[in-house]
$ cat upload-v7.txt   # compact mmCIF, C-alpha atoms
# COMPACT_ATOMS: atom_id res chain seq x y z
CA MET A 13 10.82 -29.64 10.25
CA ASN A 14 13.21 -27.61 8.12
CA HIS A 15 12.66 -24.29 6.37
CA ARG A 16 11.66 -25.82 3.05
CA SER A 17 9.18 -28.37 4.41
CA PHE A 18 7.70 -25.74 6.75
CA THR A 19 7.08 -23.42 3.80
CA GLU A 20 5.54 -26.16 1.68
CA GLU A 21 3.10 -27.19 4.41
CA PHE A 22 2.28 -23.57 5.16
CA LEU A 23 1.40 -22.93 1.51
CA ARG A 24 -1.10 -25.80 1.47
CA PHE A 25 -3.51 -23.85 3.67
CA ASP A 26 -6.13 -21.95 1.71
CA THR A 27 -6.16 -18.64 3.59
CA THR A 28 -8.41 -16.72 1.21
CA ASP A 29 -11.72 -15.08 2.13
CA CYS A 30 -11.16 -14.82 5.92
CA ARG A 31 -10.15 -18.49 6.27
CA GLU A 32 -6.95 -17.99 8.25
CA ALA A 33 -7.90 -19.79 11.48
CA ALA A 34 -6.67 -23.29 10.65
CA ALA A 35 -3.37 -22.00 9.29
CA GLN A 36 -2.87 -19.78 12.33
CA SER A 37 -3.52 -22.71 14.66
CA TRP A 38 -0.90 -24.73 12.77
CA PHE A 39 1.51 -21.79 12.79
CA ARG A 40 1.15 -21.30 16.54
CA GLU A 41 1.69 -25.01 17.18
CA ARG A 42 4.92 -24.87 15.18
CA LEU A 43 6.09 -21.80 17.11
CA ASP A 44 5.39 -23.64 20.36
CA GLU A 45 7.38 -26.64 19.15
CA PHE A 46 10.29 -24.39 18.15
CA GLY A 47 10.41 -22.88 21.63
CA PHE A 48 8.82 -19.48 21.06
CA GLU A 49 6.59 -17.94 23.71
CA THR A 50 3.34 -17.45 21.82
CA VAL A 51 0.75 -14.68 21.89
CA GLU A 52 -2.62 -14.47 20.14
CA TRP A 53 -5.07 -11.62 19.57
CA THR A 54 -8.27 -10.98 17.63
CA ALA A 55 -9.23 -7.56 16.30
CA ASP A 56 -12.17 -5.62 17.74
CA ALA A 57 -14.42 -4.40 14.91
CA ASP A 58 -15.64 -1.44 16.96
CA ARG A 59 -12.05 -0.31 17.53
CA LEU A 60 -11.16 -0.68 13.86
CA ALA A 61 -14.25 1.25 12.78
CA GLY A 62 -12.66 4.33 14.34
CA HIS A 63 -9.46 3.79 12.35
CA PRO A 64 -9.08 5.76 9.08
CA SER A 65 -8.20 2.63 7.10
CA PHE A 66 -11.51 0.87 7.74
CA PRO A 67 -15.23 1.38 7.08
CA ASP A 68 -17.13 3.31 9.74
CA ASP A 69 -19.61 0.45 10.15
CA PRO A 70 -18.16 -2.32 12.37
CA GLY A 71 -20.47 -4.79 10.62
CA GLU A 72 -18.44 -4.34 7.44
CA ILE A 73 -15.21 -5.46 9.12
CA ALA A 74 -14.82 -9.25 9.35
CA VAL A 75 -12.93 -10.16 12.53
CA ALA A 76 -14.62 -13.31 13.87
CA ASP A 77 -12.44 -16.45 14.02
CA ARG A 78 -9.47 -14.54 12.60
CA PRO A 79 -6.70 -14.67 15.20
CA SER A 80 -3.28 -13.12 14.69
CA VAL A 81 -0.35 -14.99 16.22
CA ALA A 82 3.14 -14.08 17.36
CA GLY A 83 6.14 -15.93 18.74
CA ILE A 84 8.70 -14.29 21.04
CA LEU A 85 12.32 -15.23 21.61
CA GLU A 86 14.12 -13.56 24.52
CA PHE A 87 17.88 -13.11 24.86
CA GLY A 88 20.05 -12.28 27.88
CA ASP A 89 18.31 -9.54 29.84
CA PRO A 90 15.43 -8.92 27.43
CA ASP A 91 14.42 -5.63 29.05
CA ALA A 92 17.95 -4.28 28.63
CA GLY A 93 17.80 -4.59 24.84
CA PRO A 94 15.40 -3.67 22.03
CA ALA A 95 12.45 -5.63 20.66
CA LEU A 96 12.53 -6.23 16.91
CA VAL A 97 9.39 -7.45 15.13
CA LEU A 98 9.64 -9.60 12.01
CA ASN A 99 6.18 -9.38 10.49
CA GLY A 100 4.22 -11.07 7.72
CA HIS A 101 0.60 -11.62 6.75
CA ILE A 102 -0.95 -15.05 6.42
CA ASP A 103 -3.91 -14.16 4.18
CA VAL A 104 -3.67 -14.51 0.40
CA VAL A 105 -5.82 -13.33 -2.47
CA PRO A 106 -8.10 -15.81 -4.27
CA ALA A 107 -6.72 -17.98 -7.07
CA ASP A 108 -8.64 -18.74 -10.26
CA ASP A 109 -7.88 -22.42 -10.82
CA GLU A 110 -8.57 -22.12 -14.55
CA LEU A 111 -5.68 -19.68 -14.96
CA TRP A 112 -3.17 -21.86 -13.10
CA GLU A 113 -1.09 -24.67 -14.56
CA SER A 114 -1.07 -26.44 -11.18
CA ASP A 115 -3.16 -26.57 -8.02
CA PRO A 116 -2.65 -23.14 -6.38
CA PHE A 117 -2.60 -24.69 -2.92
CA GLU A 118 -0.33 -27.63 -3.70
CA PRO A 119 3.26 -26.32 -3.80
CA THR A 120 4.99 -27.25 -7.05
CA TRP A 121 8.69 -27.09 -7.81
CA ASN A 122 10.26 -26.19 -11.14
CA GLY A 123 13.93 -26.51 -10.41
CA ASP A 124 14.71 -23.75 -7.89
CA ASP A 125 11.32 -22.09 -8.38
CA LEU A 126 8.49 -22.66 -5.89
CA ILE A 127 4.98 -22.17 -7.32
CA ALA A 128 1.86 -21.69 -5.16
CA ARG A 129 -0.60 -19.03 -4.12
CA GLY A 130 1.21 -17.05 -1.44
CA ALA A 131 4.67 -18.18 -2.52
CA ALA A 132 5.69 -14.56 -3.10
CA ASP A 133 2.93 -12.68 -1.27
CA MET A 134 3.90 -13.60 1.37
CA LYS A 135 4.00 -16.94 3.15
CA SER A 136 7.56 -17.64 2.05
CA GLY A 137 8.63 -14.35 3.59
CA LEU A 138 6.75 -15.07 6.80
CA ALA A 139 8.26 -18.56 7.05
CA THR A 140 11.67 -16.98 6.52
CA CYS A 141 11.09 -14.71 9.52
CA VAL A 142 10.59 -17.81 11.70
CA PHE A 143 13.82 -19.46 10.63
CA ALA A 144 15.85 -16.24 10.71
CA ALA A 145 14.82 -15.82 14.34
CA LEU A 146 15.75 -19.43 15.09
CA ASP A 147 19.16 -18.86 13.46
CA VAL A 148 19.81 -16.02 15.89
CA ARG A 149 18.80 -18.18 18.84
CA ASP A 150 21.05 -21.01 17.64
CA ALA A 151 24.00 -18.63 17.42
CA VAL A 152 23.33 -17.35 20.96
CA ASP A 153 22.96 -20.89 22.31
CA ALA A 154 26.25 -21.85 20.65
CA GLY A 155 28.03 -19.00 22.42
CA GLU A 156 28.69 -17.10 19.19
CA LEU A 157 26.63 -14.10 20.28
CA ASP A 158 25.86 -12.31 23.52
CA LEU A 159 22.62 -10.38 23.06
CA ASP A 160 19.96 -8.64 25.12
CA GLY A 161 16.49 -8.05 23.77
CA ARG A 162 13.68 -9.80 21.94
CA ILE A 163 12.75 -10.98 18.46
CA VAL A 164 9.04 -11.21 17.73
CA VAL A 165 7.79 -13.16 14.71
CA GLU A 166 4.31 -11.95 13.88
CA SER A 167 1.72 -13.63 11.62
CA VAL A 168 -1.21 -11.28 11.06
CA VAL A 169 -4.54 -11.66 9.30
CA GLY A 170 -6.42 -9.49 6.84
CA GLU A 171 -3.58 -7.48 5.32
CA GLU A 172 -5.33 -7.57 1.95
CA GLU A 173 -8.37 -6.01 3.69
CA GLY A 174 -6.55 -3.08 5.19
CA GLY A 175 -4.37 -4.79 7.78
CA ILE A 176 -6.85 -6.11 10.32
CA GLY A 177 -4.34 -7.93 12.51
CA ALA A 178 -1.57 -5.33 12.27
CA ALA A 179 -3.94 -2.41 12.88
CA ALA A 180 -5.36 -4.13 15.95
CA ALA A 181 -1.86 -4.69 17.33
CA ALA A 182 -0.95 -1.05 16.63
CA LEU A 183 -4.05 0.20 18.44
CA ASP A 184 -3.70 -2.15 21.43
CA ASN A 185 -0.23 -3.57 21.96
CA PRO A 186 -0.63 -7.34 22.57
CA TYR A 187 2.79 -7.60 24.23
CA PRO A 188 3.92 -6.63 27.74
CA PHE A 189 6.82 -4.64 26.24
CA GLU A 190 7.28 -1.90 23.67
CA ARG A 191 8.25 -2.60 20.06
CA ASP A 192 11.35 -0.69 18.98
CA ALA A 193 11.49 -1.50 15.26
CA ALA A 194 10.00 -3.82 12.67
CA VAL A 195 10.79 -5.49 9.38
CA VAL A 196 7.86 -6.52 7.19
CA ALA A 197 8.92 -9.34 4.87
CA GLU A 198 6.87 -8.29 1.84
CA PRO A 199 8.25 -9.30 -1.58
CA THR A 200 10.71 -6.44 -2.23
CA ASP A 201 13.03 -8.47 -4.48
CA LEU A 202 15.66 -8.32 -1.71
CA THR A 203 15.79 -4.51 -1.72
CA VAL A 204 15.22 -2.00 1.09
CA VAL A 205 11.82 -0.27 0.96
CA THR A 206 11.42 2.60 3.41
CA ALA A 207 8.38 4.32 1.84
CA THR A 208 5.04 2.89 0.81
CA GLU A 209 2.30 4.59 -1.13
CA GLY A 210 -1.19 5.07 0.18
CA SER A 211 -4.47 4.76 -1.67
CA VAL A 212 -8.07 5.84 -1.43
CA MET A 213 -10.88 3.70 -2.83
CA LYS A 214 -13.77 5.61 -4.38
CA ARG A 215 -17.03 4.52 -5.97
CA LEU A 216 -18.40 6.76 -8.74
CA GLU A 217 -22.09 6.49 -9.66
CA LEU A 218 -23.63 8.23 -12.70
CA THR A 219 -27.25 8.55 -13.77
CA GLY A 220 -28.48 9.01 -17.35
CA ARG A 221 -31.80 8.42 -19.09
CA SER A 222 -32.77 5.15 -20.68
CA ALA A 223 -34.27 4.86 -24.17
CA HIS A 224 -34.81 2.22 -26.81
CA ALA A 225 -31.67 1.57 -28.84
CA ALA A 226 -33.64 2.36 -32.02
CA THR A 227 -34.15 5.91 -30.74
CA ARG A 228 -31.04 6.32 -28.65
CA TRP A 229 -30.94 10.06 -29.34
CA VAL A 230 -33.83 10.61 -26.95
CA GLY A 231 -31.89 8.98 -24.13
CA GLU A 232 -28.84 10.15 -22.20
CA SER A 233 -26.03 7.63 -22.14
CA VAL A 234 -23.79 7.65 -19.10
CA LEU A 235 -20.79 6.44 -21.11
CA PRO A 236 -19.67 9.77 -22.63
CA HIS A 237 -19.95 11.41 -19.22
CA PHE A 238 -17.86 8.65 -17.67
CA GLU A 239 -15.22 8.99 -20.38
CA ARG A 240 -14.90 12.73 -19.68
CA ILE A 241 -14.47 12.03 -15.99
CA ARG A 242 -11.95 9.25 -16.64
CA HIS A 243 -9.89 11.48 -18.93
CA ALA A 244 -10.01 14.29 -16.37
CA PHE A 245 -8.71 11.91 -13.70
CA GLU A 246 -5.92 10.71 -16.01
CA GLU A 247 -4.93 14.33 -16.65
CA LEU A 248 -4.84 14.97 -12.91
CA GLU A 249 -2.76 11.81 -12.43
CA ALA A 250 -0.22 13.19 -14.93
CA GLU A 251 -0.26 16.65 -13.32
CA ARG A 252 0.32 15.13 -9.89
CA GLY A 253 3.18 13.06 -11.26
CA GLU A 254 4.94 16.28 -12.21
CA ARG A 255 3.91 18.34 -9.18
CA VAL A 256 4.12 15.88 -6.28
CA ARG A 257 7.75 14.76 -6.15
CA HIS A 258 9.53 12.28 -3.93
CA PRO A 259 13.15 11.16 -4.41
CA LEU A 260 12.33 7.46 -3.96
CA TYR A 261 9.68 7.53 -6.71
CA GLU A 262 11.51 9.28 -9.54
CA GLY A 263 12.03 6.02 -11.41
CA PHE A 264 8.34 5.11 -11.67
CA PRO A 265 6.61 6.06 -14.95
CA VAL A 266 3.42 6.77 -12.99
CA PRO A 267 4.31 7.47 -9.35
CA TRP A 268 0.77 8.06 -8.01
CA PRO A 269 -1.41 5.88 -10.26
CA VAL A 270 -5.16 6.01 -10.66
CA CYS A 271 -6.78 2.72 -11.61
CA VAL A 272 -10.40 2.32 -12.71
CA GLY A 273 -10.55 -1.30 -11.64
CA ARG A 274 -14.22 -2.06 -12.15
CA VAL A 275 -17.01 -0.57 -14.29
CA GLU A 276 -20.61 -1.71 -14.59
CA ALA A 277 -23.04 0.13 -16.85
CA GLY A 278 -26.48 -0.34 -18.40
CA SER A 279 -28.97 -3.15 -18.08
CA TRP A 280 -29.73 -4.38 -21.59
CA ALA A 281 -27.98 -4.35 -24.97
CA SER A 282 -30.99 -2.76 -26.65
CA SER A 283 -31.29 0.12 -24.18
CA VAL A 284 -29.33 3.31 -23.71
CA PRO A 285 -27.24 2.82 -20.51
CA ALA A 286 -28.80 4.97 -17.81
CA SER A 287 -26.62 3.99 -14.87
CA LEU A 288 -22.94 3.40 -14.27
CA THR A 289 -20.86 2.39 -11.27
CA ALA A 290 -17.08 2.61 -11.36
CA GLU A 291 -14.68 1.61 -8.58
CA ILE A 292 -11.44 3.56 -8.57
CA ARG A 293 -8.16 3.31 -6.67
CA ILE A 294 -6.24 6.57 -6.32
CA GLY A 295 -2.57 6.68 -5.26
CA VAL A 296 -1.43 8.77 -2.28
CA ALA A 297 2.20 9.88 -2.09
CA PRO A 298 4.30 9.60 1.07
CA GLY A 299 3.77 12.82 2.96
CA GLU A 300 0.21 13.25 1.66
CA THR A 301 -2.94 12.19 3.44
CA VAL A 302 -5.85 10.23 2.02
CA VAL A 303 -8.13 13.18 2.81
CA GLU A 304 -5.99 15.63 0.84
CA VAL A 305 -5.84 13.48 -2.29
CA GLU A 306 -9.50 12.56 -2.05
CA ALA A 307 -10.38 16.26 -2.00
CA GLU A 308 -8.20 16.96 -5.03
CA TYR A 309 -10.00 14.36 -7.14
CA GLY A 310 -13.33 15.54 -5.81
CA GLU A 311 -12.54 19.06 -7.01
CA ARG A 312 -11.57 17.79 -10.46
CA LEU A 313 -14.84 15.87 -10.68
CA ALA A 314 -16.73 19.03 -9.72
CA GLU A 315 -15.09 20.85 -12.62
CA VAL A 316 -16.29 18.20 -15.08
CA VAL A 317 -19.78 18.35 -13.59
CA ALA A 318 -19.88 22.16 -13.88
CA GLU A 319 -19.09 21.93 -17.60
CA SER A 320 -22.04 19.60 -18.27
CA GLU A 321 -25.67 20.68 -18.12
CA TRP A 322 -26.78 17.07 -17.64
CA LEU A 323 -24.32 16.30 -14.84
CA SER A 324 -25.09 19.59 -13.15
CA GLU A 325 -28.77 18.62 -13.05
CA HIS A 326 -28.00 14.97 -12.22
CA PRO A 327 -24.85 15.17 -10.07
CA PRO A 328 -22.84 11.96 -9.66
CA THR A 329 -21.96 10.50 -6.31
CA PHE A 330 -18.32 9.88 -5.44
CA GLU A 331 -18.02 8.03 -2.14
CA ARG A 332 -15.40 6.02 -0.30
CA PHE A 333 -15.78 2.27 -0.07
CA SER A 334 -13.75 -0.68 1.19
CA VAL A 335 -10.48 0.12 2.99
CA GLN A 336 -8.10 3.05 2.72
CA PHE A 337 -4.31 2.97 2.93
CA GLU A 338 -2.40 5.89 4.37
CA SER A 339 1.11 6.34 3.01
CA ALA A 340 4.06 5.67 5.28
CA GLU A 341 7.76 6.42 5.40
CA THR A 342 10.62 5.62 7.75
CA ASP A 343 13.72 7.80 7.80
CA ALA A 344 16.64 6.13 6.09
CA ASP A 345 18.82 7.07 9.09
CA GLU A 346 16.83 4.86 11.50
CA PRO A 347 18.96 2.15 13.17
CA VAL A 348 16.78 -0.67 11.79
CA VAL A 349 17.42 0.56 8.25
CA ALA A 350 21.15 0.78 8.90
CA ALA A 351 21.18 -2.71 10.41
CA LEU A 352 19.38 -4.13 7.37
CA GLN A 353 21.66 -2.35 4.90
CA ALA A 354 24.78 -3.60 6.70
CA ALA A 355 23.35 -7.14 6.73
CA MET A 356 22.60 -6.93 3.01
CA ASP A 357 26.11 -5.78 2.30
CA GLY A 358 27.44 -8.65 4.38
CA VAL A 359 25.62 -11.29 2.31
CA GLY A 360 26.65 -9.70 -1.00
CA LEU A 361 23.45 -7.89 -2.02
CA ALA A 362 24.65 -5.03 -4.20
CA ASP A 363 21.67 -2.67 -4.02
CA THR A 364 21.38 -1.41 -0.45
CA THR A 365 19.87 1.98 -1.30
CA ALA A 366 16.42 2.88 0.03
CA HIS A 367 13.48 2.50 -2.36
CA GLY A 368 9.81 3.42 -2.43
CA ALA A 369 6.92 1.12 -3.35
CA THR A 370 3.71 2.07 -5.17
CA TYR A 371 1.70 -0.36 -3.05
CA GLY A 372 0.55 -0.13 0.55
CA ALA A 373 1.58 -2.48 3.35
CA ASP A 374 1.06 -3.19 7.03
CA SER A 375 4.20 -1.15 7.70
CA ARG A 376 1.97 1.95 7.84
CA HIS A 377 0.33 0.66 11.01
CA PHE A 378 3.70 0.25 12.73
CA VAL A 379 4.86 3.67 11.53
CA GLY A 380 1.58 5.21 12.66
CA ALA A 381 2.19 3.76 16.12
CA GLY A 382 5.67 5.28 16.22
CA THR A 383 7.64 2.13 15.37
CA PRO A 384 10.30 2.59 12.66
CA THR A 385 9.62 -0.03 10.00
CA VAL A 386 11.29 -1.18 6.82
CA LEU A 387 10.15 -3.65 4.16
CA PHE A 388 12.51 -6.40 3.01
CA GLY A 389 11.77 -9.84 1.67
CA PRO A 390 12.23 -12.43 -1.07
CA GLY A 391 10.19 -12.48 -4.24
CA THR A 392 8.86 -9.70 -6.41
CA VAL A 393 5.57 -7.84 -6.25
CA GLU A 394 5.24 -8.58 -9.98
CA GLN A 395 4.40 -12.16 -8.95
CA ALA A 396 1.95 -11.10 -6.25
CA HIS A 397 -1.70 -11.89 -7.04
CA PHE A 398 -0.61 -13.52 -10.33
CA PRO A 399 -1.52 -16.96 -11.68
CA ASN A 400 1.31 -19.48 -11.18
CA GLU A 401 2.76 -17.25 -8.44
CA THR A 402 6.46 -18.09 -8.19
CA ILE A 403 9.45 -17.39 -5.97
CA ARG A 404 13.12 -18.38 -6.35
CA TRP A 405 14.13 -20.49 -3.37
CA ARG A 406 17.70 -19.21 -3.42
CA ASP A 407 16.25 -15.73 -2.81
CA VAL A 408 14.31 -17.12 0.16
CA GLU A 409 17.54 -18.51 1.60
CA THR A 410 19.30 -15.18 1.02
CA ALA A 411 16.46 -13.38 2.78
CA ARG A 412 16.78 -15.74 5.75
CA GLU A 413 20.49 -15.06 6.06
CA THR A 414 19.91 -11.31 5.71
CA LEU A 415 17.09 -11.10 8.25
CA ALA A 416 19.07 -13.11 10.79
CA ALA A 417 22.08 -10.81 10.32
CA THR A 418 19.79 -7.77 10.61
CA ALA A 419 18.35 -9.00 13.90
CA ARG A 420 21.77 -9.84 15.31
CA ARG A 421 23.14 -6.43 14.42
CA TYR A 422 20.08 -4.50 15.60
CA LEU A 423 19.93 -6.23 18.98
CA ALA A 424 23.70 -5.89 19.47
CA GLU A 425 23.93 -2.19 18.62
CA ASN A 426 20.73 -0.74 20.11
$ encode --input "upload-v7.txt" --output "structure tokens"
Amino acid sequence: MNHRSFTEEFLRFDTTDCREAAAQSWFRERLDEFGFETVEWTADADRLAGHPSFPDDPGEIAVADRPSVAGILEFGDPDAGPALVLNGHIDVVPADDELWESDPFEPTWNGDDLIARGAADMKSGLATCVFAALDVRDAVDAGELDLDGRIVVESVVGEEEGGIGAAAAALDNPYPFERDAAVVAEPTDLTVVTATEGSVMKRLELTGRSAHAATRWVGESVLPHFERIRHAFEELEAERGERVRHPLYEGFPVPWPVCVGRVEAGSWASSVPASLTAEIRIGVAPGETVVEVEAEYGERLAEVVAESEWLSEHPPTFERFSVQFESAETDADEPVVAALQAAMDGVGLADTTAHGATYGADSRHFVGAGTPTVLFGPGTVEQAHFPNETIRWRDVETARETLAATARRYLAEN
């Protein structure tokens, strides 16, 4: 099975909504066939409930029948060299068939472009990790390289839900050796990403007073109150963009974005809306904590409440929900970054400077466990979660060559 056919078959698995088990079984079987030593682990909900990324209630964390899988290749005296992890997540977000021009889970080719759910985010990148590792082994077997150390290819579950598989591995190392560095093959458009943004998810609930639409003046609509809060948050977003600076985020028009992603208000067209629920994602800069940013938005909300007699008497709730993402950053001087940049230069990629990303990734779990981690992979985040998700295959091949060169250099020099 070659790289292309492996990726096509991989993409046919529907790994949405906690359905990763079949794909992971297939992935592990392929690793076994390719000669990897395989390892499998399943997250413990009670352990994750104590982690800041996850809900406090273990019952809200879906872990059953969701194994994460890894394959290990050892070279020379493996304990005399470093262990490099090449990581990717197997889960994908749902696909609305009506918005796609083809079956999301039947890979379709348009010339050099591969179209499928997960093509960019990030099964192509994960498949590339497998074949990059095999390329290193082939070079060692051919006598072209003399290396000590290990390459670990890791397929984890639940990244879109806070990083269930990666967090579990960070909390309880599934390997009998330490991990020295990692590359997460997220779609970075073949650039180096050393910093990822965090986020805090908050649910805002407002209470008004219902009334018949014909006499709406005797009611209290929640909508004007929500608009004042939304504008206050947008003003704080702009203030933070000026005040909280980071050299890798200067090019973003909104470096620490706030997104009101969902709003539900009222119960009937002929009634004044007396309730509103809004779900909000708030960006957290590298170097900040979720708690710090959460408090800042809480204080701004309190100011809006204090200016309103109604809200003061009927205070809104503003609570966390879902999963939280801490920000993460790896120093650009780390050996794994240098190895990647040298490999990129060797394959002719012009932009080897470090970048920041406004999304979160599993890299934060590695960094939190003390493992220097960089993001690099084919595809662009602009295609992630999109209908007709597409990746250029020539970029996949370039990523494979680059990751193999990165691993060779890192194992040889560290």
$ closest_residue --input "upload-v7.txt" --among "A:Arg59, A:Arg24, A:His397, A:Arg420" --to "A:Ala181" --atoms "all atoms listed in the file"
A:Arg59
$ closest_residue --input "upload-v7.txt" --among "A:Ala419, A:Ala369, A:Ala92, A:Val212" --to "A:Val393" --atoms "all atoms listed in the file"
A:Ala369
$ closest_residue --input "upload-v7.txt" --among "A:Ala396, A:Leu60, A:Ala34, A:Ile163" --to "A:Val148" --atoms "all atoms listed in the file"
A:Ile163
$ atom_distance --input "upload-v7.txt" --atom1 "atom CA of A:Glu249" --atom2 "atom CA of A:Glu291"
16.2 Å
$ atom_distance --input "upload-v7.txt" --atom1 "atom CA of A:Ala340" --atom2 "atom CA of A:Ala207"
5.7 Å
$ closest_residue --input "upload-v7.txt" --among "A:Ala180, A:Leu98, A:Val270, A:Leu159" --to "A:Phe143" --atoms "all atoms listed in the file"
A:Leu98
$ residues_around --input "upload-v7.txt" --residues "A:Arg228" --least-positions-apart "6" --cutoff "9 Å" --atoms "only C-alpha atoms" --output "PyMOL selection string"
chain A and resi 222+283-284
$ closest_residue --input "upload-v7.txt" --among "A:Ala307, A:Met134, A:Val266, A:Ala424" --to "A:Arg332" --atoms "all atoms listed in the file"
A:Ala307
$ closest_residue --input "upload-v7.txt" --among "A:Ile292, A:Ala411, A:Ala417, A:Ala373" --to "A:Ala179" --atoms "only C-alpha atoms"
A:Ala373
$ atom_distance --input "upload-v7.txt" --atom1 "atom CA of A:Ala277" --atom2 "atom CA of A:Glu110"
26.6 Å
$ residues_around --input "upload-v7.txt" --residues "stretch 42-54 of chain A" --least-positions-apart "5" --cutoff "12 Å" --atoms "all atoms listed in the file" --output "number ranges by chain"
A: 13-15, 18-19, 21-22, 32-33, 35-37, 59-60, 74-87, 139, 141-143, 145-147, 149-150, 162-170, 176-188
$ residues_around --input "upload-v7.txt" --residues "stretch 322-324 of chain A" --least-positions-apart "5" --cutoff "9 Å" --atoms "only C-alpha atoms" --output "list in words"
Leu218, Thr219, Gly220, Glu232, His237, Val316 and Val317 of chain A
$ residues_near_point --input "upload-v7.txt" --point "(24.5, -6.8, 1.8)" --cutoff "12 Å" --atoms "all atoms listed in the file" --output "ChimeraX atom specification"
/A:202-204,350-365,410-411,413-415,417-418
$ residues_around --input "upload-v7.txt" --residues "A:His258" --least-positions-apart "2" --cutoff "10 Å" --atoms "only C-alpha atoms" --output "list in words"
Ala207, Gly253, Arg255, Val256, Leu260, Tyr261, Glu262, Pro267, Ala297, Pro298, Gly299 and Gly368 of chain A
$ decode --input "upload-v7.txt" --residues "stretch 69-83 of chain A" --atoms "C-alpha atoms" --output "tab-separated table (two decimals), in the first residue's frame"
chain	number	residue	atom	x	y	z
A	69	ASP	CA	-17.75	16.19	35.43
A	70	PRO	CA	-16.19	12.95	34.07
A	71	GLY	CA	-19.61	12.03	32.68
A	72	GLU	CA	-19.30	14.87	30.18
A	73	ILE	CA	-16.08	13.46	28.70
A	74	ALA	CA	-16.63	10.70	26.14
A	75	VAL	CA	-13.78	8.19	26.31
A	76	ALA	CA	-15.38	4.75	25.84
A	77	ASP	CA	-14.31	2.81	22.74
A	78	ARG	CA	-11.98	5.63	21.68
A	79	PRO	CA	-8.45	4.21	21.60
A	80	SER	CA	-5.42	6.23	20.58
A	81	VAL	CA	-2.73	4.35	18.68
A	82	ALA	CA	0.99	4.80	18.11
A	83	GLY	CA	3.69	3.05	16.10
